[in-house]
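Source file: work06.txt (compact mmCIF, C-alpha atoms)
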```
# COMPACT_ATOMS: atom_id res chain seq x y z
CA MET A 1 142.44 74.72 99.36
CA SER A 2 139.71 77.05 100.57
CA LEU A 3 139.36 78.76 97.15
CA GLN A 4 138.16 75.46 95.78
CA GLY A 5 135.68 75.09 98.60
CA ALA A 6 134.38 78.61 97.94
CA LEU A 7 134.08 77.86 94.24
CA ARG A 8 132.18 74.68 94.97
CA ARG A 9 129.75 76.53 97.19
CA SER A 10 129.34 79.23 94.55
CA PHE A 11 128.40 76.81 91.81
CA LEU A 12 126.01 74.96 94.09
CA LEU A 13 124.37 78.30 94.79
CA LEU A 14 124.38 79.17 91.10
CA GLN A 15 122.67 75.88 90.30
CA GLU A 16 119.97 76.51 92.85
CA GLN A 17 119.46 80.13 91.86
CA GLN A 18 119.30 79.27 88.17
CA GLY A 19 116.20 77.21 88.91
CA VAL A 20 114.67 79.99 91.01
CA TRP A 21 115.39 82.54 88.29
CA GLY A 22 113.78 80.35 85.67
CA SER A 23 110.58 79.84 87.59
CA ILE A 24 110.25 83.57 88.41
CA LEU A 25 110.84 84.38 84.77
CA GLN A 26 108.12 81.96 83.73
CA GLU A 27 105.66 83.82 85.92
CA CYS A 28 106.85 87.10 84.43
CA ASP A 29 106.33 85.76 80.92
CA SER A 30 102.69 85.00 81.58
CA LEU A 31 102.19 88.37 83.27
CA ALA A 32 103.79 90.08 80.27
CA GLU A 33 101.49 88.08 78.00
CA SER A 34 98.42 89.21 79.97
CA LEU A 35 99.63 92.79 79.86
CA GLY A 36 99.97 92.62 76.08
CA ASN A 37 96.50 91.19 75.93
CA LEU A 38 95.12 94.14 77.90
CA GLY A 39 97.06 96.43 75.58
CA GLU A 40 95.28 94.86 72.60
CA GLN A 41 91.95 95.40 74.29
CA MET A 42 92.84 99.04 74.98
CA GLY A 43 93.94 99.40 71.38
CA GLY A 44 90.69 97.92 70.11
CA LEU A 45 88.72 100.25 72.33
CA ALA A 46 90.69 103.26 71.13
CA ARG A 47 90.21 102.36 67.45
CA VAL A 48 86.49 101.70 67.62
CA ARG A 49 84.16 104.70 67.50
CA LEU A 50 81.52 103.46 69.91
CA SER A 51 79.07 106.11 68.69
CA ASP A 52 78.96 104.28 65.35
CA THR A 53 78.19 100.92 66.95
CA PRO A 54 75.22 99.40 68.79
CA LEU A 55 77.05 100.35 71.97
CA ARG A 56 76.16 103.98 71.40
CA VAL A 57 73.34 103.60 73.94
CA PHE A 58 75.99 103.52 76.65
CA PRO A 59 77.52 106.99 76.48
CA ASP A 60 79.93 106.50 79.38
CA LEU A 61 81.02 103.03 78.32
CA GLN A 62 84.28 104.01 76.66
CA GLU A 63 85.54 105.83 79.70
CA ARG A 64 84.40 103.12 82.12
CA LEU A 65 85.90 100.27 80.16
CA ARG A 66 89.13 102.17 79.73
CA PHE A 67 89.24 102.73 83.46
CA GLN A 68 88.76 99.03 84.17
CA LEU A 69 91.43 98.07 81.64
CA VAL A 70 93.95 100.57 82.98
CA GLN A 71 93.27 99.38 86.49
CA GLU A 72 93.83 95.76 85.49
CA ALA A 73 97.02 96.74 83.70
CA ASP A 74 98.18 98.62 86.77
CA LEU A 75 97.60 95.53 88.87
CA LEU A 76 99.62 93.41 86.45
CA LEU A 77 102.42 95.96 86.46
CA GLN A 78 102.51 95.87 90.22
CA ARG A 79 102.80 92.10 90.18
CA LEU A 80 105.51 92.29 87.54
CA ARG A 81 107.44 94.76 89.68
CA GLY A 82 107.08 92.40 92.60
CA ARG A 83 108.58 89.60 90.52
CA MET A 84 111.36 91.98 89.47
CA SER A 85 112.42 92.39 93.05
CA ASP A 86 112.51 88.59 93.32
CA LEU A 87 114.77 88.53 90.26
CA GLN A 88 116.87 91.20 91.92
CA SER A 89 117.43 89.03 94.98
CA VAL A 90 118.56 86.17 92.76
CA ARG A 91 120.97 88.48 91.01
CA ASP A 92 122.19 89.84 94.33
CA SER A 93 122.88 86.45 95.84
CA ILE A 94 124.83 85.39 92.73
CA SER A 95 126.71 88.70 92.58
CA ASN A 96 127.59 88.60 96.26
CA GLN A 97 128.85 85.07 96.01
CA ALA A 98 130.91 85.83 92.91
CA SER A 99 132.52 88.91 94.38
CA ALA A 100 133.24 87.10 97.67
CA VAL A 101 135.07 84.39 95.75
CA LEU A 102 136.95 86.95 93.70
CA LEU A 103 137.96 88.77 96.87
CA LEU A 104 139.16 85.53 98.38
CA TYR A 105 141.23 84.91 95.29
CA GLU A 106 142.70 88.40 95.27
CA ASP A 107 143.66 88.14 98.93
CA ALA A 108 145.43 84.88 98.29
CA ALA A 109 146.71 85.76 94.83
CA ASP A 110 150.25 86.49 96.00
CA THR A 111 150.68 83.18 97.71
CA LEU A 112 148.92 81.13 95.07
CA ASP A 113 151.01 79.29 92.58
CA LEU A 114 150.03 80.06 88.98
CA ALA A 115 150.61 76.45 87.98
CA ALA A 116 148.30 75.26 90.72
CA LEU A 117 145.62 77.71 89.65
CA SER A 118 145.59 76.51 86.08
CA ARG A 119 145.97 72.84 86.85
CA ARG A 120 143.02 70.72 85.82
CA SER A 121 142.10 67.09 86.00
CA SER A 122 139.49 65.03 84.22
CA VAL A 123 136.91 65.75 86.93
CA VAL A 124 138.06 69.08 88.36
CA PRO A 125 138.51 72.05 86.03
CA SER A 126 141.17 74.59 86.89
CA ALA A 127 140.41 77.26 89.47
CA ALA A 128 141.17 79.91 86.86
CA ASP A 129 138.53 78.51 84.50
CA MET A 130 135.99 78.24 87.26
CA LEU A 131 136.58 81.83 88.35
CA GLU A 132 135.98 82.92 84.79
CA TRP A 133 132.77 80.92 84.43
CA LEU A 134 131.46 82.29 87.66
CA GLN A 135 132.15 85.84 86.49
CA ASP A 136 130.41 85.09 83.19
CA ALA A 137 127.33 83.80 84.95
CA GLU A 138 127.27 86.75 87.29
CA ARG A 139 127.51 89.18 84.38
CA TYR A 140 124.70 87.39 82.57
CA TYR A 141 122.25 87.72 85.46
CA ARG A 142 123.30 91.31 86.10
CA GLN A 143 122.66 92.31 82.49
CA GLN A 144 119.46 90.32 82.22
CA PHE A 145 118.09 91.98 85.29
CA LEU A 146 119.06 95.45 84.13
CA GLN A 147 117.60 95.04 80.66
CA ARG A 148 114.31 93.75 81.99
CA LYS A 149 114.16 96.39 84.68
CA ILE A 150 114.75 99.16 82.15
CA LEU A 151 112.11 97.77 79.80
CA LEU A 152 109.62 97.70 82.63
CA GLN A 153 110.52 101.15 83.88
CA THR A 154 110.17 102.78 80.49
CA LEU A 155 106.76 101.23 79.93
CA ARG A 156 103.97 103.81 79.86
CA LEU A 157 100.40 102.57 80.02
CA GLU A 158 99.29 105.60 77.98
CA ASP A 159 101.39 104.42 75.06
CA LEU A 160 99.14 101.69 73.66
CA SER A 161 101.54 100.41 71.01
CA GLN A 162 104.16 100.00 73.70
CA VAL A 163 101.77 98.02 75.90
CA GLU A 164 100.61 95.87 72.99
CA GLY A 165 104.18 95.14 71.95
CA PHE A 166 105.39 94.52 75.49
CA PRO A 167 105.31 90.69 75.44
CA GLN A 168 107.37 90.64 72.22
CA ARG A 169 109.91 93.07 73.57
CA TRP A 170 110.05 91.13 76.82
CA LYS A 171 110.67 87.98 74.84
CA THR A 172 113.48 89.44 72.78
CA LEU A 173 115.46 89.87 75.99
CA GLU A 174 115.63 86.12 76.32
CA SER A 175 119.10 84.80 75.78
CA PRO A 176 118.83 81.03 75.43
CA ASP A 177 122.50 80.74 74.41
CA SER A 178 123.82 82.33 77.58
CA GLU A 179 121.34 80.36 79.64
CA GLN A 180 122.53 77.19 77.94
CA ARG A 181 126.16 78.09 78.55
CA ILE A 182 125.48 78.28 82.28
CA THR A 183 123.67 74.94 82.18
CA ASP A 184 126.63 73.43 80.28
CA THR A 185 129.07 74.82 82.81
CA LEU A 186 127.05 73.36 85.67
CA CYS A 187 126.96 69.99 83.90
CA ARG A 188 130.71 70.08 83.41
CA LEU A 189 131.09 70.82 87.10
CA SER A 190 128.68 68.19 88.38
CA PHE A 191 131.48 65.86 89.53
CA PHE A 192 133.29 68.71 91.17
CA MET A 193 130.14 69.91 92.95
CA GLU A 194 129.32 66.46 94.23
CA SER A 195 132.84 65.73 95.47
CA GLN A 196 133.61 66.82 98.99
CA MET B 1 80.32 89.66 124.06
CA THR B 2 79.21 86.64 122.09
CA SER B 3 80.46 85.92 118.62
CA SER B 4 78.69 87.72 115.80
CA ASN B 5 77.24 84.46 114.58
CA THR B 6 75.30 83.61 117.68
CA LYS B 7 74.41 87.25 118.09
CA PHE B 8 72.66 87.26 114.74
CA SER B 9 71.05 83.88 114.94
CA ALA B 10 69.13 85.22 117.92
CA VAL B 11 67.90 88.42 116.29
CA THR B 12 64.48 88.59 114.76
CA GLY B 13 62.36 91.04 112.86
CA SER B 14 63.90 93.75 110.71
CA SER B 15 67.48 93.12 111.88
CA ARG B 16 67.19 89.48 110.89
CA LYS B 17 65.71 90.41 107.54
CA VAL B 18 68.49 92.91 106.85
CA ALA B 19 71.15 90.32 107.69
CA ASP B 20 69.50 87.70 105.50
CA ASN B 21 69.26 90.18 102.64
CA ALA B 22 72.96 90.92 102.89
CA ALA B 23 73.73 87.22 102.64
CA ASP B 24 71.45 87.01 99.60
CA TRP B 25 73.29 89.90 97.96
CA HIS B 26 76.52 88.07 98.46
CA ASN B 27 75.18 84.83 97.02
CA LEU B 28 73.62 86.55 94.02
CA MET B 29 76.87 88.32 93.22
CA VAL B 30 78.80 85.05 93.42
CA ARG B 31 76.22 83.50 91.11
CA TRP B 32 76.59 86.42 88.72
CA ASP B 33 80.36 86.00 88.65
CA LYS B 34 80.02 82.33 87.78
CA LEU B 35 77.58 83.13 84.99
CA ASN B 36 79.90 85.85 83.77
CA GLY B 37 82.82 83.42 83.59
CA ARG B 38 80.80 80.87 81.69
CA GLY B 39 79.40 83.55 79.40
CA PHE B 40 82.87 84.83 78.62
CA GLN B 41 83.95 81.36 77.54
CA LEU B 42 80.96 81.11 75.22
CA ALA B 43 81.49 84.62 73.87
CA THR B 44 85.11 83.80 73.11
CA ASN B 45 84.01 80.67 71.28
CA ILE B 46 81.56 82.69 69.22
CA VAL B 47 84.21 85.20 68.22
CA ASN B 48 86.66 82.43 67.30
CA MET B 49 84.02 80.68 65.21
CA ARG B 50 83.18 83.90 63.43
CA ARG B 51 86.82 84.51 62.67
CA SER B 52 87.47 81.03 61.33
CA GLN B 53 84.31 81.30 59.22
CA THR B 54 85.57 84.48 57.63
CA ASP B 55 88.97 82.91 57.06
CA ARG B 56 87.52 79.84 55.45
CA ARG B 57 85.15 81.64 53.10
CA PRO B 58 86.38 80.88 49.55
CA PRO B 59 86.96 83.82 47.22
CA ASP B 60 83.72 84.47 45.35
CA ASP B 61 85.26 85.72 42.16
CA VAL B 62 87.15 82.60 41.19
CA PRO B 63 85.16 80.81 38.53
CA SER B 64 86.54 77.37 37.84
CA ALA B 65 85.38 73.97 36.80
CA SER B 66 86.01 72.59 40.23
CA THR B 67 83.63 75.09 41.82
CA SER B 68 80.55 73.10 40.94
CA GLN B 69 82.09 69.97 42.41
CA SER B 70 83.35 71.54 45.58
CA PHE B 71 80.30 73.72 45.98
CA LEU B 72 78.23 71.18 47.85
CA PRO B 73 80.77 70.29 50.55
CA VAL B 74 81.57 73.96 51.08
CA VAL B 75 77.89 74.72 51.57
CA GLN B 76 77.55 71.80 53.94
CA GLN B 77 80.61 72.97 55.81
CA HIS B 78 79.07 76.40 56.08
CA THR B 79 75.76 75.11 57.31
CA ALA B 80 77.54 73.00 59.90
CA ALA B 81 79.58 75.97 61.07
CA ALA B 82 76.48 78.13 61.16
CA ALA B 83 74.70 75.50 63.24
CA ASP B 84 77.61 75.39 65.67
CA LEU B 85 77.59 79.15 65.90
CA GLN B 86 73.86 79.14 66.49
CA GLU B 87 74.30 76.61 69.27
CA GLU B 88 76.91 78.70 71.07
CA CYS B 89 74.68 81.74 70.72
CA SER B 90 71.79 79.83 72.27
CA LYS B 91 73.99 78.82 75.17
CA LEU B 92 75.02 82.43 75.66
CA GLN B 93 71.36 83.42 75.49
CA ALA B 94 70.68 80.92 78.28
CA VAL B 95 73.43 82.48 80.41
CA VAL B 96 71.98 85.96 79.89
CA ASP B 97 68.52 84.62 80.76
CA GLN B 98 69.92 83.38 84.05
CA MET B 99 71.51 86.78 84.61
CA VAL B 100 68.08 88.34 84.11
CA VAL B 101 66.80 86.10 86.90
CA VAL B 102 69.64 87.20 89.16
CA VAL B 103 68.85 90.87 88.56
CA GLU B 104 65.14 90.22 89.17
CA LYS B 105 66.04 88.74 92.53
CA MET B 106 68.18 91.79 93.25
CA GLU B 107 65.19 93.99 92.45
CA ARG B 108 63.12 92.04 94.92
CA LEU B 109 65.81 92.39 97.60
CA THR B 110 65.90 96.14 97.05
CA ALA B 111 62.11 96.30 97.26
CA VAL B 112 62.15 94.37 100.54
CA GLN B 113 64.78 96.74 101.87
CA LYS B 114 62.66 99.71 100.92
CA GLY B 115 59.70 98.01 102.59
CA LEU B 116 61.67 97.67 105.81
CA GLN B 117 62.37 101.38 105.73
CA ASP B 118 58.70 102.18 105.13
CA LEU B 119 57.71 99.90 107.99
CA GLU B 120 60.15 101.66 110.26
CA GLU B 121 58.79 105.06 109.34
CA PHE B 122 55.34 103.74 110.08
CA GLN B 123 56.43 102.39 113.47
CA PHE B 124 58.79 105.14 114.63
CA GLY B 125 57.86 108.16 112.53
CA PRO B 126 60.05 109.96 109.93
CA GLU B 127 63.07 109.98 112.27
CA GLY B 128 63.27 106.18 112.23
CA ARG B 129 64.26 103.89 115.04
CA ALA B 130 66.47 105.17 117.84
CA SER B 131 68.99 102.30 117.91
CA PRO B 132 70.53 100.91 114.70
CA LEU B 133 69.43 97.55 113.29
CA CYS B 134 72.95 96.15 113.24
CA HIS B 135 76.17 97.92 114.14
CA SER B 136 75.80 101.54 113.14
CA TRP B 137 73.96 102.05 109.83
CA ARG B 138 70.64 103.77 109.64
CA THR B 139 67.97 101.79 107.80
CA ARG B 140 68.21 104.33 104.97
CA GLU B 141 71.81 103.28 104.32
CA PHE B 142 70.84 99.67 103.65
CA VAL B 143 68.39 100.90 101.04
CA ASP B 144 71.05 103.15 99.53
CA SER B 145 73.60 100.39 99.14
CA ALA B 146 70.98 98.03 97.71
CA GLN B 147 70.08 100.69 95.16
CA VAL B 148 73.72 101.28 94.24
CA LEU B 149 74.24 97.57 93.65
CA LEU B 150 70.99 97.13 91.78
CA ALA B 151 71.75 100.06 89.48
CA ALA B 152 75.19 98.62 88.69
CA PHE B 153 73.94 95.14 87.87
CA SER B 154 70.91 96.33 85.90
CA GLN B 155 73.08 98.49 83.70
CA GLU B 156 75.61 95.71 83.26
CA LEU B 157 72.80 93.37 82.28
CA LYS B 158 71.69 95.82 79.57
CA LEU B 159 75.23 95.88 78.25
CA LYS B 160 75.38 92.08 78.22
CA GLN B 161 72.12 91.96 76.28
CA VAL B 162 73.51 94.26 73.61
CA VAL B 163 76.70 92.20 73.43
CA LEU B 164 74.65 89.03 73.10
CA GLN B 165 72.66 90.50 70.21
CA GLU B 166 75.60 91.92 68.33
CA LEU B 167 78.52 89.61 69.01
CA ALA B 168 77.86 87.09 66.24
CA HIS B 169 76.96 89.80 63.73
CA THR B 170 80.05 91.90 63.82
CA ALA B 171 82.94 91.33 61.45
CA SER B 172 85.23 94.03 62.81
CA ALA B 173 87.98 92.44 64.87
CA ASP B 174 88.36 95.56 66.99
CA LEU B 175 84.67 95.69 67.79
CA GLN B 176 84.66 91.98 68.62
CA LEU B 177 87.51 92.64 71.00
CA VAL B 178 85.61 95.52 72.60
CA TYR B 179 82.56 93.27 73.08
CA LEU B 180 84.67 90.57 74.71
CA SER B 181 86.47 93.14 76.78
CA CYS B 182 83.14 94.57 77.95
CA TRP B 183 81.93 91.13 78.87
CA LEU B 184 85.03 90.25 80.83
CA HIS B 185 85.75 93.50 82.63
CA GLN B 186 82.15 94.51 83.38
CA PRO B 187 82.55 98.29 83.14
CA TYR B 188 79.31 98.94 85.02
CA ILE B 189 80.37 96.86 88.02
CA PRO B 190 83.41 98.80 89.19
CA PRO B 191 85.49 97.70 92.18
CA GLN B 192 83.43 100.08 94.33
CA SER B 193 80.45 97.72 93.99
CA ARG B 194 82.47 94.98 95.64
CA LEU B 195 83.35 97.41 98.41
CA THR B 196 79.68 98.26 98.84
CA LEU B 197 78.94 94.58 99.30
CA GLU B 198 81.81 94.16 101.76
CA ALA B 199 80.54 97.15 103.76
CA LEU B 200 77.10 95.55 103.83
CA LEU B 201 78.55 92.24 105.02
CA LEU B 202 80.63 93.97 107.68
CA GLU B 203 77.68 95.95 108.94
CA THR B 204 75.44 92.89 109.19
CA GLY B 205 78.10 90.85 110.97
CA HIS B 206 78.72 88.34 108.15
CA ARG B 207 82.30 89.56 108.12
CA PRO B 208 84.07 89.90 111.48
CA LEU B 209 84.84 93.47 112.43
```
Show how you would write the structure in this file as structure tokens.
Amino acid sequence: MSLQGALRRSFLLLQEQQGVWGSILQECDSLAESLGNLGEQMGGLARVRLSDTPLRVFPDLQERLRFQLVQEADLLLQRLRGRMSDLQSVRDSISNQASAVLLLYEDAADTLDLAALSRRSSVVPSAADMLEWLQDAERYYRQQFLQRKILLQTLRLEDLSQVEGFPQRWKTLESPDSEQRITDTLCRLSFFMESQ
Amino acid sequence: MTSSNTKFSAVTGSSRKVADNAADWHNLMVRWDKLNGRGFQLATNIVNMRRSQTDRRPPDDVPSASTSQSFLPVVQQHTAAAADLQEECSKLQAVVDQMVVVVEKMERLTAVQKGLQDLEEFQFGPEGRASPLCHSWRTREFVDSAQVLLAAFSQELKLKQVVLQELAHTASADLQLVYLSCWLHQPYIPPQSRLTLEALLLETGHRPL
């Protein structure tokens, strides 16, 4: 049954892309951390009145340091955006695969026997279940990507509290439960994926 | 056309001197960056020590019987921490001393460059030589870029010296952060300085055109 073959390929792809997603996200986490760090430095600079400190002998210091910090932050943002497009390609490949499988199912839906679709064995879950899990995974990556993209797009470097709080807000988007559910699904399917 | 390397190994006189100077600028700036990295590590240590000292300080207004017993170890602890702090400060002082040496060498390079220009005026008159020393720059432009770089590093050195003096004496977390930030991001050495160096290296053939 070709639907089964397509499902197998989809989960193999999902497994691979899950790893890619994770490693990109790790990079993003450290970039977000650095960005927050720069935000703290900008905040410190904004709160200190340099004219009241020994640094008063450098009248243009505030402006120069701010410039350097903003430039660094800009660079980090650029790198984060670059990683976002990598995340987008992961999401796209999962979405494309999931919709291709769904299309295949819909085309064959009339001829498929409902009993066959929901039949499961100890090593092979039912096609209906697998379709559902694939849709769940696809939705997870789609939402994750959107939430992170929106957070990044609404970030303004002028808004210091936003920059300082960025790593925390980035972290709150983590969804270990959903991530774990995908890992569990892949574990449950390991026999199925290995069988040919 | 031979490669730029062989081309410049054959040149002598002012052209050779200019090319050597450019290489020295590059090496001094690399040296500065290394010192800056090491200095930043030390500065961070100093700030962390200061913070943990402040955290550890016992409340002064708690009179209790145990104070007299615990007083001695607390004092010892403080002296030990102060000694550690002093040591890190001395290391940072050593780094800044080495930075002073770097800037002195930069001053000498700039003086040599100016000397080359004076020599040229002496040889060829106020108009200078007819054909450029390297690719296209007039001798004046080498002096200009040397002066731009020297001004940047001298000013940055002054900033480092202030940071060195004040870092261990400030209790304000924000100000500590500003000092560290200054040290790391080097506001007086903007990206343009790196471009100036690259232009110098391109002109003298150290970087392929």
So, with only C-alpha atoms as the atoms that count, which of A:Gln68, A:Gln147, A:Thr183, A:Gln17 lies closest to chain B?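 Nearest candidate to chain B out of A:Gln68, A:Gln147, A:Thr183, A:Gln17: A:Gln68.
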Shell of 10 Å around range 84-91 of chain B, all atoms listed in the file, local chain residues under 5 positions omitted, as a ChimeraX atom specification: /B:38-39,41-50,53,78-79,96-97,164-165,167-168
Report, in Å to a single decimal, how far apart CA of Ser145 in chain B and CA of Ser193 in chain B are.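 Distance between the two atoms: 9.0 Å.
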Can you list every residue of chain A that has an atom at most 8 Å from chain B, with its nearest atom pair and the distance in Å to one decimal, using all atoms listed in the file, ordered by chain then number, as a Markdown table?
```
| residue | atom | partner | partner_atom | distance |
| --- | --- | --- | --- | --- |
| A:Gln41 | CA | B:Leu177 | CA | 6.2 |
| A:Gly44 | CA | B:Asp174 | CA | 4.6 |
| A:Leu45 | CA | B:Val178 | CA | 5.7 |
| A:Arg47 | CA | B:Asp174 | CA | 7.1 |
| A:Val48 | CA | B:Leu175 | CA | 6.3 |
| A:Pro54 | CA | B:Val162 | CA | 7.3 |
| A:Leu55 | CA | B:Val162 | CA | 7.2 |
| A:Phe58 | CA | B:Leu159 | CA | 7.8 |
| A:Leu61 | CA | B:Pro187 | CA | 6.9 |
| A:Arg64 | CA | B:Pro187 | CA | 5.3 |
| A:Leu65 | CA | B:Pro187 | CA | 4.9 |
| A:Gln68 | CA | B:Pro187 | CA | 6.3 |
| A:Leu69 | CA | B:His185 | CA | 7.4 |
```
Between A:Ser126, A:Gln4, A:Ser118, A:Ser178, single out the one closest to Tyr140 in chain A, counting only C-alpha atoms.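 Ranking A:Ser126, A:Gln4, A:Ser118, A:Ser178 by distance to Tyr140 in chain A, first place goes to A:Ser178.
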Counting only C-alpha atoms, find the residues whose atoms lie at most 12 Å from (69.0, 105.2, 100.4) (file coordinates) and write them out as a list in words.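 Here the neighbourhood of the point contains Thr110, Ala111, Gln113, Lys114, Gly115, Leu116, Gln117, Asp118, Trp137, Arg138, Thr139, Arg140, Glu141, Phe142, Val143, Asp144, Ser145, Ala146, Gln147, Val148, Leu149 and Leu150 of chain B.
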Which polymer residues, protein or nucleic acid, are no farther than 7 Å from (134.8, 84.2, 91.9), counting all atoms listed in the file, as a PyMOL selection string? chain A and resi 7+98-102+131+134-135
Quick check, in Å to one decimal: how far apart do CA of Asp92 in chain A and CA of Phe192 in chain A lie?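 So the two atoms, CA of Asp92 in chain A and CA of Phe192 in chain A, lie 24.1 Å apart.
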Tell me, as a PDB file with C-alpha atoms, in the coordinates of the input, which residues lie within 10 Å of Gly22 in chain A, counting only C-alpha atoms; anything in the same chain fewer than 6 positions away does not count.
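Generated file (out38.pdb):
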```
ATOM      1  CA  CYS A  28     106.850  87.100  84.430  1.00  0.00           C
ATOM      2  CA  LEU A  87     114.770  88.530  90.260  1.00  0.00           C
ATOM      3  CA  GLU A 179     121.340  80.360  79.640  1.00  0.00           C
TER       4      GLU A 179
END
```
So how many Å separate CA of Lys171 in chain A and CA of Cys187 in chain A, to one decimal?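 Straight-line distance from CA of Lys171 in chain A to CA of Cys187 in chain A works out to 25.9 Å.
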Could you list, as number ranges by chain, every residue within 12 Å of Lys34 in chain B, counting only C-alpha atoms and ignoring same-chain residues fewer than 3 positions away? B: 27-31, 37-41, 95-96, 98-99, 102, 184
Show which residues sit within 8 Å of Thr204 in chain B, as a PyMOL selection string. Count all atoms listed in the file, and ignore same-chain residues fewer than 2 positions away. chain B and resi 18-19+22+134-135+200-202+206-207
Restricting the calculation to only C-alpha atoms, which member of A:Ala46, A:Val123, A:Pro59, A:Leu77 is positioned closest to Leu151 in chain A?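 When distances to Leu151 in chain A are compared using only C-alpha atoms, the smallest one comes from A:Leu77.
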Which residues are close to Leu104 in chain A, i.e. within 9 Å by all atoms listed in the file, leaving aside same-chain residues fewer than 4 positions away? Reply as a list in words. Ser2, Leu3, Ala6, Ser99, Ala100, Ala108 and Ala109 of chain A
Would you please work out which residue, of A:Leu186, A:Leu155, A:Asp177, A:Asp129, is nearest to Gly19 in chain A when using all atoms listed in the file?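 Smallest separation from Gly19 in chain A among the options: A:Leu186.
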Taking into account all atoms listed in the file, which residue in the set B:Leu119, B:Leu197, B:Met106, B:Leu133 is nearest to Ser15 in chain B?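 That would be B:Leu133, the residue with the smallest distance to Ser15 in chain B.
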